[in-house]
Amino acid sequence: MFIPTGRAINPVTGKNWEGTGVEPDEKVPADDAYNVAYREALAKIESSANDPQAKADAAWARMALEARVQPRPTLSPEAMSHLAGTYGTRRITAEGGYMYLQMADRPRRRLLQLTTDTFAVEGVEAPRLVFSSTGLAEIYPDGRKEELARQ
């Protein structure tokens, strides 16, 4: 058993940190603290990393984080039905205000809007799906791109 016999006092403030914690650099609600800290860390990596892949990885993660923290307005039913269709072996459907990706015998996954035309597949790190007037592109973190024509 250990019984403390002293107390740490900050010589500048004259107080100790027991029960008060450390003052954060940026004050945010507790529920947002993780996402704000993660976003700041990713931004720091993007701005200071010398490795192009590290910069790209940070940008990839930041885009997904920002979409979770501040979701974009959902597409109109008309816009969703315009994007719905078959692209190679991928089938995009619109149901109940959401878009879904179905690939062969894999489970159907909801699409999360990242930008106006870019979507992530819920629960999957890669690829990102980018819709265009000619079809769908699958973009991977390493820069690979697979073009799929609309059928």
# chains A, B, ... in the order shown; residues from 1 in each chain; ligands from 1
>>> residues_around(residues="range 91-105 of chain A", least_positions_apart="4", cutoff="12 Å", atoms="only C-alpha atoms", output="PyMOL selection string")
chain A and resi 73-87+109-113+119-124+127-129+131+135-136+148-151
>>> residues_around(residues="range 27-39 of chain A", least_positions_apart="4", cutoff="8 Å", atoms="only C-alpha atoms", output="NGL selection string")
:A and (43 or 62 or 65-66 or 69)
>>> atom_distance(atom1="CA of Ala64 in chain A", atom2="CA of Leu114 in chain A")
6.6 Å
>>> atom_distance(atom1="CA of Asp51 in chain A", atom2="CA of Pro24 in chain A")
29.4 Å
>>> select_by_dssp(residues="range 6-139 of chain A", states="helix (DSSP H, G or I)", output="NGL selection string")
:A and (30-48 or 52-69 or 77-83)
>>> closest_residue(among="A:Glu146, A:Glu138, A:Glu26, A:Glu125", to="Met63 in chain A", atoms="only C-alpha atoms")
A:Glu125
>>> residues_around(residues="Glu46 in chain A", least_positions_apart="5", cutoff="7 Å", atoms="only C-alpha atoms", output="ChimeraX atom specification")
/A:55,58-59
>>> atom_distance(atom1="CA of Lys44 in chain A", atom2="CA of Asp117 in chain A")
26.2 Å
>>> select_by_dssp(residues="range 79-151 of chain A", states="strand (DSSP E or B)", output="PyMOL selection string")
chain A and resi 85-87+90-95+98-103+109-113+118-121+128-131+135-139+145-150
>>> decode(residues="range 44-67 of chain A", atoms="N, CA, C and O atoms", output="PDB file, in the first residue's frame")
ATOM      1  N   LYS A  44      -2.105  18.278 -40.057  1.00  0.00           N
ATOM      2  CA  LYS A  44      -0.673  18.481 -39.797  1.00  0.00           C
ATOM      3  C   LYS A  44       0.163  17.563 -40.689  1.00  0.00           C
ATOM      4  O   LYS A  44       1.164  17.992 -41.273  1.00  0.00           O
ATOM      5  N   ILE A  45      -0.253  16.308 -40.813  1.00  0.00           N
ATOM      6  CA  ILE A  45       0.463  15.367 -41.675  1.00  0.00           C
ATOM      7  C   ILE A  45       0.405  15.838 -43.126  1.00  0.00           C
ATOM      8  O   ILE A  45       1.415  15.848 -43.824  1.00  0.00           O
ATOM      9  N   GLU A  46      -0.785  16.251 -43.566  1.00  0.00           N
ATOM     10  CA  GLU A  46      -0.941  16.719 -44.953  1.00  0.00           C
ATOM     11  C   GLU A  46      -0.027  17.902 -45.258  1.00  0.00           C
ATOM     12  O   GLU A  46       0.540  17.992 -46.333  1.00  0.00           O
ATOM     13  N   SER A  47       0.094  18.810 -44.303  1.00  0.00           N
ATOM     14  CA  SER A  47       0.870  20.026 -44.558  1.00  0.00           C
ATOM     15  C   SER A  47       2.369  19.853 -44.361  1.00  0.00           C
ATOM     16  O   SER A  47       3.150  20.606 -44.931  1.00  0.00           O
ATOM     17  N   SER A  48       2.781  18.869 -43.572  1.00  0.00           N
ATOM     18  CA  SER A  48       4.205  18.798 -43.238  1.00  0.00           C
ATOM     19  C   SER A  48       4.928  17.535 -43.715  1.00  0.00           C
ATOM     20  O   SER A  48       6.150  17.507 -43.702  1.00  0.00           O
ATOM     21  N   ALA A  49       4.199  16.522 -44.132  1.00  0.00           N
ATOM     22  CA  ALA A  49       4.853  15.263 -44.529  1.00  0.00           C
ATOM     23  C   ALA A  49       5.653  15.447 -45.813  1.00  0.00           C
ATOM     24  O   ALA A  49       5.224  16.129 -46.734  1.00  0.00           O
ATOM     25  N   ASN A  50       6.823  14.853 -45.853  1.00  0.00           N
ATOM     26  CA  ASN A  50       7.656  14.874 -47.060  1.00  0.00           C
ATOM     27  C   ASN A  50       7.308  13.738 -48.010  1.00  0.00           C
ATOM     28  O   ASN A  50       7.581  13.811 -49.195  1.00  0.00           O
ATOM     29  N   ASP A  51       6.716  12.689 -47.469  1.00  0.00           N
ATOM     30  CA  ASP A  51       6.355  11.517 -48.251  1.00  0.00           C
ATOM     31  C   ASP A  51       5.012  11.748 -48.940  1.00  0.00           C
ATOM     32  O   ASP A  51       3.999  11.953 -48.269  1.00  0.00           O
ATOM     33  N   PRO A  52       4.977  11.718 -50.281  1.00  0.00           N
ATOM     34  CA  PRO A  52       3.718  11.947 -50.997  1.00  0.00           C
ATOM     35  C   PRO A  52       2.618  10.953 -50.618  1.00  0.00           C
ATOM     36  O   PRO A  52       1.451  11.312 -50.558  1.00  0.00           O
ATOM     37  N   GLN A  53       3.005   9.705 -50.338  1.00  0.00           N
ATOM     38  CA  GLN A  53       1.998   8.708 -49.964  1.00  0.00           C
ATOM     39  C   GLN A  53       1.400   9.032 -48.599  1.00  0.00           C
ATOM     40  O   GLN A  53       0.202   8.860 -48.386  1.00  0.00           O
ATOM     41  N   ALA A  54       2.221   9.511 -47.661  1.00  0.00           N
ATOM     42  CA  ALA A  54       1.711   9.895 -46.343  1.00  0.00           C
ATOM     43  C   ALA A  54       0.723  11.052 -46.479  1.00  0.00           C
ATOM     44  O   ALA A  54      -0.315  11.068 -45.815  1.00  0.00           O
ATOM     45  N   LYS A  55       1.036  12.023 -47.340  1.00  0.00           N
ATOM     46  CA  LYS A  55       0.124  13.145 -47.589  1.00  0.00           C
ATOM     47  C   LYS A  55      -1.190  12.631 -48.178  1.00  0.00           C
ATOM     48  O   LYS A  55      -2.270  13.045 -47.756  1.00  0.00           O
ATOM     49  N   ALA A  56      -1.097  11.733 -49.160  1.00  0.00           N
ATOM     50  CA  ALA A  56      -2.291  11.195 -49.806  1.00  0.00           C
ATOM     51  C   ALA A  56      -3.132  10.382 -48.817  1.00  0.00           C
ATOM     52  O   ALA A  56      -4.361  10.498 -48.798  1.00  0.00           O
ATOM     53  N   ASP A  57      -2.484   9.594 -47.978  1.00  0.00           N
ATOM     54  CA  ASP A  57      -3.206   8.802 -46.975  1.00  0.00           C
ATOM     55  C   ASP A  57      -3.932   9.702 -45.985  1.00  0.00           C
ATOM     56  O   ASP A  57      -5.070   9.434 -45.602  1.00  0.00           O
ATOM     57  N   ALA A  58      -3.281  10.775 -45.564  1.00  0.00           N
ATOM     58  CA  ALA A  58      -3.904  11.710 -44.622  1.00  0.00           C
ATOM     59  C   ALA A  58      -5.095  12.413 -45.270  1.00  0.00           C
ATOM     60  O   ALA A  58      -6.148  12.584 -44.640  1.00  0.00           O
ATOM     61  N   ALA A  59      -4.959  12.818 -46.515  1.00  0.00           N
ATOM     62  CA  ALA A  59      -6.063  13.478 -47.226  1.00  0.00           C
ATOM     63  C   ALA A  59      -7.242  12.508 -47.386  1.00  0.00           C
ATOM     64  O   ALA A  59      -8.404  12.897 -47.222  1.00  0.00           O
ATOM     65  N   TRP A  60      -6.935  11.254 -47.694  1.00  0.00           N
ATOM     66  CA  TRP A  60      -7.961  10.212 -47.852  1.00  0.00           C
ATOM     67  C   TRP A  60      -8.746  10.053 -46.551  1.00  0.00           C
ATOM     68  O   TRP A  60      -9.971  10.040 -46.547  1.00  0.00           O
ATOM     69  N   ALA A  61      -8.035   9.938 -45.439  1.00  0.00           N
ATOM     70  CA  ALA A  61      -8.680   9.752 -44.136  1.00  0.00           C
ATOM     71  C   ALA A  61      -9.449  11.004 -43.716  1.00  0.00           C
ATOM     72  O   ALA A  61     -10.541  10.916 -43.157  1.00  0.00           O
ATOM     73  N   ARG A  62      -8.885  12.185 -43.993  1.00  0.00           N
ATOM     74  CA  ARG A  62      -9.546  13.437 -43.603  1.00  0.00           C
ATOM     75  C   ARG A  62     -10.869  13.614 -44.335  1.00  0.00           C
ATOM     76  O   ARG A  62     -11.863  14.036 -43.756  1.00  0.00           O
ATOM     77  N   MET A  63     -10.905  13.264 -45.612  1.00  0.00           N
ATOM     78  CA  MET A  63     -12.135  13.407 -46.384  1.00  0.00           C
ATOM     79  C   MET A  63     -13.254  12.560 -45.774  1.00  0.00           C
ATOM     80  O   MET A  63     -14.390  13.019 -45.623  1.00  0.00           O
ATOM     81  N   ALA A  64     -12.942  11.334 -45.393  1.00  0.00           N
ATOM     82  CA  ALA A  64     -13.939  10.453 -44.784  1.00  0.00           C
ATOM     83  C   ALA A  64     -14.360  10.974 -43.413  1.00  0.00           C
ATOM     84  O   ALA A  64     -15.542  10.954 -43.065  1.00  0.00           O
ATOM     85  N   LEU A  65     -13.405  11.458 -42.638  1.00  0.00           N
ATOM     86  CA  LEU A  65     -13.710  11.997 -41.314  1.00  0.00           C
ATOM     87  C   LEU A  65     -14.639  13.201 -41.431  1.00  0.00           C
ATOM     88  O   LEU A  65     -15.624  13.309 -40.704  1.00  0.00           O
ATOM     89  N   GLU A  66     -14.337  14.116 -42.327  1.00  0.00           N
ATOM     90  CA  GLU A  66     -15.162  15.307 -42.490  1.00  0.00           C
ATOM     91  C   GLU A  66     -16.578  14.951 -42.934  1.00  0.00           C
ATOM     92  O   GLU A  66     -17.541  15.584 -42.514  1.00  0.00           O
ATOM     93  N   ALA A  67     -16.718  13.927 -43.749  1.00  0.00           N
ATOM     94  CA  ALA A  67     -18.045  13.491 -44.183  1.00  0.00           C
ATOM     95  C   ALA A  67     -18.843  12.914 -43.017  1.00  0.00           C
ATOM     96  O   ALA A  67     -20.058  13.078 -42.948  1.00  0.00           O
TER      97      ALA A  67
END
